[in-house]
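Participant: Dropping in run.pdb, with PDB, C-alpha atoms.
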```
ATOM      1  CA  MET A   1       0.000   0.000   0.000
ATOM      2  CA  PHE A   2       1.156   3.518  -0.770
ATOM      3  CA  SER A   3       2.876   5.202   2.169
ATOM      4  CA  GLU A   4       4.811   8.356   2.949
ATOM      5  CA  PRO A   5       8.593   7.917   2.570
ATOM      6  CA  ARG A   6      10.664   8.355   5.705
ATOM      7  CA  SER A   7      13.023  10.535   3.687
ATOM      8  CA  GLY A   8      10.142  12.909   3.011
ATOM      9  CA  ARG A   9       9.378  13.304   6.703
ATOM     10  CA  LEU A  10      13.051  13.805   7.557
ATOM     11  CA  ALA A  11      13.577  16.408   4.832
ATOM     12  CA  ALA A  12      10.350  18.324   5.487
ATOM     13  CA  TRP A  13      10.651  18.547   9.267
ATOM     14  CA  GLY A  14      14.408  18.895   9.124
ATOM     15  CA  ASN A  15      13.937  21.927   6.891
ATOM     16  CA  ALA A  16      11.393  23.388   9.298
ATOM     17  CA  LEU A  17      13.858  22.884  12.140
ATOM     18  CA  LEU A  18      16.728  24.468  10.195
ATOM     19  CA  ALA A  19      14.473  27.466   9.504
ATOM     20  CA  GLY A  20      13.650  27.837  13.188
ATOM     21  CA  LEU A  21       9.941  27.171  12.607
ATOM     22  CA  VAL A  22       9.630  24.141  14.897
ATOM     23  CA  SER A  23      11.392  22.906  18.012
ATOM     24  CA  PRO A  24      13.834  19.965  17.881
ATOM     25  CA  ASP A  25      11.432  17.810  19.906
ATOM     26  CA  ASP A  26       8.509  18.507  17.567
ATOM     27  CA  ALA A  27      10.644  17.867  14.483
ATOM     28  CA  VAL A  28      11.966  14.544  15.755
ATOM     29  CA  LEU A  29       8.504  13.434  16.876
ATOM     30  CA  ALA A  30       7.140  14.093  13.387
ATOM     31  CA  VAL A  31      10.045  12.341  11.647
ATOM     32  CA  VAL A  32       9.946   9.220  13.815
ATOM     33  CA  GLY A  33       6.174   8.878  13.472
ATOM     34  CA  GLU A  34       5.085   5.340  14.375
ATOM     35  CA  ASP A  35       8.649   3.993  14.421
ATOM     36  CA  ALA A  36      10.319   3.246  17.748
ATOM     37  CA  VAL A  37      13.543   5.169  17.255
ATOM     38  CA  HIS A  38      15.744   6.745  14.574
ATOM     39  CA  ARG A  39      19.548   6.971  14.805
ATOM     40  CA  VAL A  40      22.205   8.390  12.488
ATOM     41  CA  GLU A  41      25.415   6.443  11.827
ATOM     42  CA  GLY A  42      28.588   7.778  10.183
ATOM     43  CA  LEU A  43      28.038  11.442  11.023
ATOM     44  CA  PRO A  44      31.317  13.431  10.838
ATOM     45  CA  GLY A  45      32.781  13.859  14.309
ATOM     46  CA  GLU A  46      30.626  11.119  15.838
ATOM     47  CA  PRO A  47      32.321   7.722  16.284
ATOM     48  CA  ALA A  48      29.043   5.950  17.108
ATOM     49  CA  PRO A  49      25.404   6.248  16.060
ATOM     50  CA  VAL A  50      23.601   9.225  17.603
ATOM     51  CA  GLY A  51      20.001  10.199  18.138
ATOM     52  CA  LEU A  52      18.108  12.230  15.583
ATOM     53  CA  THR A  53      18.017  15.389  17.707
ATOM     54  CA  LEU A  54      21.794  15.461  18.065
ATOM     55  CA  ALA A  55      22.257  14.522  14.404
ATOM     56  CA  LEU A  56      20.130  17.386  13.107
ATOM     57  CA  GLY A  57      21.971  19.820  15.342
ATOM     58  CA  ARG A  58      25.315  18.488  14.138
ATOM     59  CA  LEU A  59      24.287  18.808  10.493
ATOM     60  CA  ARG A  60      23.307  22.427  11.060
ATOM     61  CA  ALA A  61      26.676  23.082  12.749
ATOM     62  CA  LEU A  62      28.436  21.502   9.760
ATOM     63  CA  GLY A  63      26.767  24.034   7.457
ATOM     64  CA  VAL A  64      23.717  22.188   6.148
ATOM     65  CA  ARG A  65      21.176  24.786   4.959
ATOM     66  CA  GLY A  66      18.454  22.478   3.714
ATOM     67  CA  LEU A  67      17.476  18.891   2.948
ATOM     68  CA  ARG A  68      16.358  17.379  -0.354
ATOM     69  CA  VAL A  69      14.692  14.040  -1.101
ATOM     70  CA  ALA A  70      15.636  11.356  -3.614
ATOM     71  CA  LEU A  71      13.212   8.535  -4.530
ATOM     72  CA  PRO A  72      15.151   6.402  -7.028
ATOM     73  CA  ALA A  73      13.939   3.254  -8.760
ATOM     74  CA  PRO A  74      15.696   0.844 -11.148
ATOM     75  CA  GLY A  75      16.577   2.776 -14.288
ATOM     76  CA  HIS A  76      15.477   6.071 -12.729
ATOM     77  CA  PRO A  77      17.986   7.742 -10.333
ATOM     78  CA  LEU A  78      15.433  10.360  -9.303
ATOM     79  CA  GLY A  79      16.969  13.050  -7.105
ATOM     80  CA  LEU A  80      20.453  11.507  -6.995
ATOM     81  CA  SER A  81      23.740  13.075  -8.049
ATOM     82  CA  GLY A  82      26.320  10.408  -7.150
ATOM     83  CA  PRO A  83      28.781   9.022  -6.397
ATOM     84  CA  PRO A  84      27.924   5.446  -7.469
ATOM     85  CA  GLU A  85      28.384   4.062  -3.953
ATOM     86  CA  PHE A  86      25.781   6.408  -2.512
ATOM     87  CA  ASN A  87      23.436   5.895  -5.462
ATOM     88  CA  ALA A  88      23.585   2.121  -4.978
ATOM     89  CA  ARG A  89      22.660   2.401  -1.292
ATOM     90  CA  ALA A  90      19.851   4.836  -2.068
ATOM     91  CA  LEU A  91      18.508   2.627  -4.859
ATOM     92  CA  GLU A  92      18.451  -0.375  -2.529
ATOM     93  CA  ALA A  93      16.481   1.636   0.053
ATOM     94  CA  GLU A  94      14.410   3.348  -2.680
ATOM     95  CA  GLU A  95      14.915   6.680  -0.921
ATOM     96  CA  ALA A  96      17.499   9.055   0.504
ATOM     97  CA  VAL A  97      17.985  12.561   1.882
ATOM     98  CA  ILE A  98      20.581  14.879   0.323
ATOM     99  CA  CYS A  99      22.055  17.737   2.359
ATOM    100  CA  HIS A 100      22.189  21.198   0.790
ATOM    101  CA  GLY A 101      25.299  23.149   1.755
ATOM    102  CA  VAL A 102      27.420  20.139   2.751
ATOM    103  CA  ALA A 103      28.261  17.143   0.535
ATOM    104  CA  LEU A 104      26.512  14.531   2.677
ATOM    105  CA  GLY A 105      23.537  12.266   2.212
ATOM    106  CA  LEU A 106      21.452  10.010   4.459
ATOM    107  CA  VAL A 107      20.078   6.585   3.510
ATOM    108  CA  PRO A 108      17.672   4.755   5.841
ATOM    109  CA  GLU A 109      17.999   1.124   6.856
ATOM    110  CA  VAL A 110      14.920  -0.293   8.541
ATOM    111  CA  TYR A 111      14.964  -3.026  11.196
ATOM    112  CA  GLU A 112      12.094  -4.873  12.829
ATOM    113  CA  ALA A 113      12.576  -6.085  16.395
ATOM    114  CA  GLY A 114      10.510  -7.640  19.149
ATOM    115  CA  PRO A 115       8.341 -10.736  19.581
ATOM    116  CA  ALA A 116       5.441 -11.639  17.332
ATOM    117  CA  GLY A 117       2.519  -9.364  18.000
ATOM    118  CA  ASP A 118       4.738  -6.678  19.491
ATOM    119  CA  VAL A 119       7.107  -5.860  16.653
ATOM    120  CA  HIS A 120       8.576  -2.373  16.566
ATOM    121  CA  VAL A 121      10.562  -0.609  13.864
ATOM    122  CA  GLU A 122      13.980   0.956  14.314
ATOM    123  CA  VAL A 123      15.660   3.070  11.626
ATOM    124  CA  VAL A 124      19.356   3.736  11.147
ATOM    125  CA  TRP A 125      20.245   6.566   8.764
ATOM    126  CA  HIS A 126      23.655   5.978   7.163
ATOM    127  CA  CYS A 127      25.478   9.265   6.551
ATOM    128  CA  LEU A 128      27.653   9.086   3.423
ATOM    129  CA  PRO A 129      29.506  11.481   1.091
ATOM    130  CA  VAL A 130      27.616  12.700  -1.985
ATOM    131  CA  ARG A 131      28.609  14.531  -5.132
ATOM    132  CA  GLU A 132      27.708  18.212  -5.293
ATOM    133  CA  ALA A 133      25.782  18.319  -8.566
ATOM    134  CA  PRO A 134      22.211  18.994  -9.740
ATOM    135  CA  PRO A 135      19.828  16.156  -8.734
ATOM    136  CA  ALA A 136      18.636  13.885 -11.519
ATOM    137  CA  ASP A 137      15.245  14.411 -13.185
ATOM    138  CA  VAL A 138      13.584  16.624 -10.542
ATOM    139  CA  PRO A 139      10.844  18.835 -12.058
ATOM    140  CA  SER A 140       9.716  22.242 -10.881
ATOM    141  CA  LEU A 141       6.505  22.413  -8.871
ATOM    142  CA  GLY A 142       4.662  23.827 -11.862
ATOM    143  CA  GLU A 143       5.862  21.034 -14.140
ATOM    144  CA  ALA A 144       5.005  18.405 -11.542
ATOM    145  CA  GLU A 145       1.478  19.745 -11.078
ATOM    146  CA  ARG A 146       0.772  19.744 -14.816
ATOM    147  CA  GLU A 147       2.229  16.261 -15.280
ATOM    148  CA  LEU A 148       0.207  14.862 -12.377
ATOM    149  CA  ALA A 149      -3.101  16.207 -13.624
ATOM    150  CA  GLU A 150      -2.512  14.691 -17.061
ATOM    151  CA  ALA A 151      -1.244  11.395 -15.636
ATOM    152  CA  LEU A 152      -4.290  11.042 -13.394
ATOM    153  CA  ARG A 153      -6.669  11.577 -16.313
ATOM    154  CA  GLU A 154      -4.838   9.181 -18.624
ATOM    155  CA  ALA A 155      -4.357   6.437 -16.045
ATOM    156  CA  THR A 156      -7.959   6.536 -14.866
ATOM    157  CA  ALA A 157      -9.229   6.320 -18.446
ATOM    158  CA  VAL A 158      -6.927   3.451 -19.435
ATOM    159  CA  LEU A 159      -7.496   1.439 -16.268
ATOM    160  CA  SER A 160     -11.257   1.887 -16.542
ATOM    161  CA  GLN A 161     -11.161   0.605 -20.133
ATOM    162  CA  LEU A 162      -9.256  -2.461 -18.937
ATOM    163  CA  ASP A 163     -11.681  -2.958 -16.029
ATOM    164  CA  VAL A 164      -8.767  -2.962 -13.612
ATOM    165  CA  ALA A 165      -9.443  -2.902  -9.882
ATOM    166  CA  GLY A 166      -8.541   0.418  -8.376
ATOM    167  CA  SER A 167      -9.982   2.727 -11.041
ATOM    168  CA  GLY A 168     -13.620   3.129  -9.941
ATOM    169  CA  PRO A 169     -15.749   4.098  -6.929
ATOM    170  CA  ALA A 170     -13.975   1.621  -4.636
ATOM    171  CA  ALA A 171     -10.677   3.317  -5.370
ATOM    172  CA  GLU A 172     -12.197   6.735  -4.717
ATOM    173  CA  ALA A 173     -13.480   5.529  -1.337
ATOM    174  CA  ALA A 174     -10.093   4.061  -0.447
ATOM    175  CA  ILE A 175      -8.354   7.287  -1.430
ATOM    176  CA  ASP A 176     -10.749   9.367   0.665
ATOM    177  CA  ALA A 177     -10.225   7.054   3.643
ATOM    178  CA  TYR A 178      -6.458   7.282   3.232
ATOM    179  CA  ARG A 179      -6.552  11.075   3.122
ATOM    180  CA  ALA A 180      -8.791  11.205   6.214
ATOM    181  CA  ARG A 181      -6.329   9.037   8.136
ATOM    182  CA  ALA A 182      -3.370  11.044   6.862
ATOM    183  CA  GLU A 183      -4.905  14.361   7.860
ATOM    184  CA  ARG A 184      -5.672  13.316  11.436
ATOM    185  CA  GLY A 185      -2.982  14.573  13.764
ATOM    186  CA  ARG A 186      -0.369  15.694  11.250
ATOM    187  CA  GLU A 187       0.221  18.182   8.485
ATOM    188  CA  VAL A 188       0.724  17.304   4.820
ATOM    189  CA  LEU A 189       4.062  19.126   4.919
ATOM    190  CA  ALA A 190       6.005  20.849   7.661
ATOM    191  CA  PRO A 191       5.730  24.603   8.346
ATOM    192  CA  GLY A 192       7.577  26.821   5.885
ATOM    193  CA  TYR A 193       6.533  25.074   2.675
ATOM    194  CA  PRO A 194       4.663  27.027  -0.021
ATOM    195  CA  PRO A 195       0.970  26.174  -0.529
ATOM    196  CA  ARG A 196       1.678  24.915  -4.037
ATOM    197  CA  ALA A 197       4.051  22.275  -2.637
ATOM    198  CA  VAL A 198       1.285  21.063  -0.318
ATOM    199  CA  ARG A 199      -1.129  20.877  -3.257
ATOM    200  CA  VAL A 200       1.351  18.965  -5.432
ATOM    201  CA  LEU A 201       2.175  16.488  -2.670
ATOM    202  CA  GLU A 202      -1.514  15.815  -1.982
ATOM    203  CA  LEU A 203      -2.122  15.098  -5.667
ATOM    204  CA  ALA A 204       1.025  12.959  -5.898
ATOM    205  CA  ARG A 205      -0.201  10.876  -2.972
ATOM    206  CA  ARG A 206      -3.585  10.488  -4.631
ATOM    207  CA  VAL A 207      -2.013   9.302  -7.878
ATOM    208  CA  GLY A 208       0.428   7.051  -6.028
ATOM    209  CA  LEU A 209      -2.392   5.468  -4.065
ATOM    210  CA  LEU A 210      -4.356   4.847  -7.258
ATOM    211  CA  VAL A 211      -1.382   2.974  -8.702
ATOM    212  CA  SER A 212      -0.892   1.067  -5.432
ATOM    213  CA  LEU A 213      -4.540   0.007  -5.342
ATOM    214  CA  ALA A 214      -4.397  -1.225  -8.926
ATOM    215  CA  VAL A 215      -1.304  -3.295  -8.159
ATOM    216  CA  ASP A 216      -2.417  -4.645  -4.781
ATOM    217  CA  ARG A 217      -5.814  -5.810  -6.037
ATOM    218  CA  GLY A 218      -4.419  -8.174  -8.639
ATOM    219  CA  HIS A 219      -5.334  -8.297 -12.280
ATOM    220  CA  GLY A 220      -8.963  -7.192 -12.010
ATOM    221  CA  GLY A 221     -10.676  -7.785 -15.333
ATOM    222  CA  ALA A 222      -7.422  -7.752 -17.304
ATOM    223  CA  VAL A 223      -7.197 -11.494 -17.919
ATOM    224  CA  SER A 224      -5.336 -11.711 -21.242
ATOM    225  CA  SER A 225      -1.598 -11.233 -21.513
ATOM    226  CA  SER A 226      -2.092  -8.276 -23.835
ATOM    227  CA  GLU A 227      -4.455  -6.580 -21.372
ATOM    228  CA  MET A 228      -2.058  -7.201 -18.486
ATOM    229  CA  ALA A 229       0.793  -5.748 -20.539
ATOM    230  CA  ALA A 230      -1.333  -2.713 -21.365
ATOM    231  CA  ARG A 231      -2.092  -2.175 -17.685
ATOM    232  CA  ALA A 232       1.590  -2.412 -16.735
ATOM    233  CA  GLU A 233       2.458   0.015 -19.506
ATOM    234  CA  ALA A 234      -0.190   2.450 -18.251
ATOM    235  CA  LEU A 235       0.954   2.262 -14.637
ATOM    236  CA  ARG A 236       4.697   2.581 -15.191
ATOM    237  CA  PRO A 237       4.835   6.231 -16.323
ATOM    238  CA  VAL A 238       2.108   7.219 -13.865
ATOM    239  CA  GLU A 239       4.082   5.818 -10.929
ATOM    240  CA  ARG A 240       7.185   7.641 -12.168
ATOM    241  CA  THR A 241       5.239  10.901 -12.482
ATOM    242  CA  ALA A 242       3.940  10.558  -8.917
ATOM    243  CA  ARG A 243       7.444   9.969  -7.560
ATOM    244  CA  ARG A 244       8.841  12.958  -9.475
ATOM    245  CA  ALA A 245       6.088  15.155  -8.059
ATOM    246  CA  GLN A 246       6.723  13.926  -4.511
ATOM    247  CA  VAL A 247      10.388  14.862  -4.834
ATOM    248  CA  ALA A 248       9.508  18.270  -6.295
ATOM    249  CA  ALA A 249       7.169  18.973  -3.366
ATOM    250  CA  TYR A 250       9.588  17.905  -0.642
ATOM    251  CA  ASN A 251      12.441  19.813  -2.314
ATOM    252  CA  ALA A 252      10.429  23.017  -2.766
ATOM    253  CA  TYR A 253      11.788  24.507   0.462
ATOM    254  CA  VAL A 254      15.402  24.311  -0.755
ATOM    255  CA  GLU A 255      14.488  25.391  -4.277
ATOM    256  CA  GLU A 256      12.782  28.540  -2.984
ATOM    257  CA  ARG A 257      15.771  29.376  -0.785
ATOM    258  CA  GLU A 258      18.112  29.000  -3.751
ATOM    259  CA  ARG A 259      15.972  31.399  -5.769
ATOM    260  CA  GLY A 260      16.428  33.940  -3.004
TER     261      GLY A 260
END
```
Would you mind giving the structure from this file in structure tokens?
Facilitator:
Amino acid sequence: MFSEPRSGRLAAWGNALLAGLVSPDDAVLAVVGEDAVHRVEGLPGEPAPVGLTLALGRLRALGVRGLRVALPAPGHPLGLSGPPEFNARALEAEEAVICHGVALGLVPEVYEAGPAGDVHVEVVWHCLPVREAPPADVPSLGEAERELAEALREATAVLSQLDVAGSGPAAEAAIDAYRARAERGREVLAPGYPPRAVRVLELARRVGLLVSLAVDRGHGGAVSSSEMAARAEALRPVERTARRAQVAAYNAYVEERERG
């Protein structure tokens, strides 16, 4: 099922903290979410893993001015700039955070611990060197919004023609339920983000959930190999568009700061 990337929470609330718009405790609480604990390993000057509060303070002291998100997939290094070692780790995790102002990046590794029925999640963020270069394939907010609107129309039409689960009223109900859950107790983005970024991220989540529903519910009415291939072909660019828009929304804080 579609879910918010941990890198998105870290970048959004880390940016709000760097801007002085939230307290360290509030930022860490929002980043950790339902996980048990987050630690950062490999931070310059720290010989052992440290807590997220200390890590964010250390990054600010090192000169980090903002945090960007990368959501890469095979064949699509979205948001990455190298080197290959960092890209490989980020691709394995399917996400990463890139520091703006200092050539460092953070890749999460997720662990489950505890007995059956009482499993909790711990996250270790590996801090690694990155290449200072423009991130790959990240659109502007305006481009992302236009692409999402078109992708949603095209995907809904194609999936409806194929009678694929996830394209009708049931999908709409699931999307509405997801948004209601998501909006209870937390913001779409952290303080300091422009309204357009919030709008783009909401639409990206809607499109991403539509794709997730279509995948999770099996083949629906698409029983022939040609119909299944057509569905996969329809979903692939839509999923990529949703990921590009997510990255554009999370990175909007840094992009606006760079523009002055």
Participant: Any chance you could resolve the PyMOL selection byres ((chain A and resi 57) around 12) against this file and give the residues as a PyMOL selection string?
Facilitator: chain A and resi 14-15+17-18+20+23-25+27-28+40+43+50-56+58-65
Participant: Which distance in Å separates CA of Ala88 (chain A) and CA of Cys127 (chain A), to one decimal?
Facilitator: 13.7 Å
Participant: Quick one: pull the distance between CA of Asp26 (chain A) and CA of Ala70 (chain A), Å, one decimal.
Facilitator: 23.5 Å
Participant: When distances are computed from only C-alpha atoms, which of A:Arg259, A:Arg205, A:Arg6, A:His126 shows the smallest separation from Leu148 (chain A)?
Facilitator: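 Smallest distance to Leu148 (chain A) is found for A:Arg205.
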Participant: Could you list the residues chosen by the PyMOL selection byres ((chain A and resi 4) around 12) in this structure as a PyMOL selection string?
Facilitator: chain A and resi 1-3+5-10+12+31+33-34+71+95+178-179+182+188-189+201-202+204-206+208-209+243+246-247+250
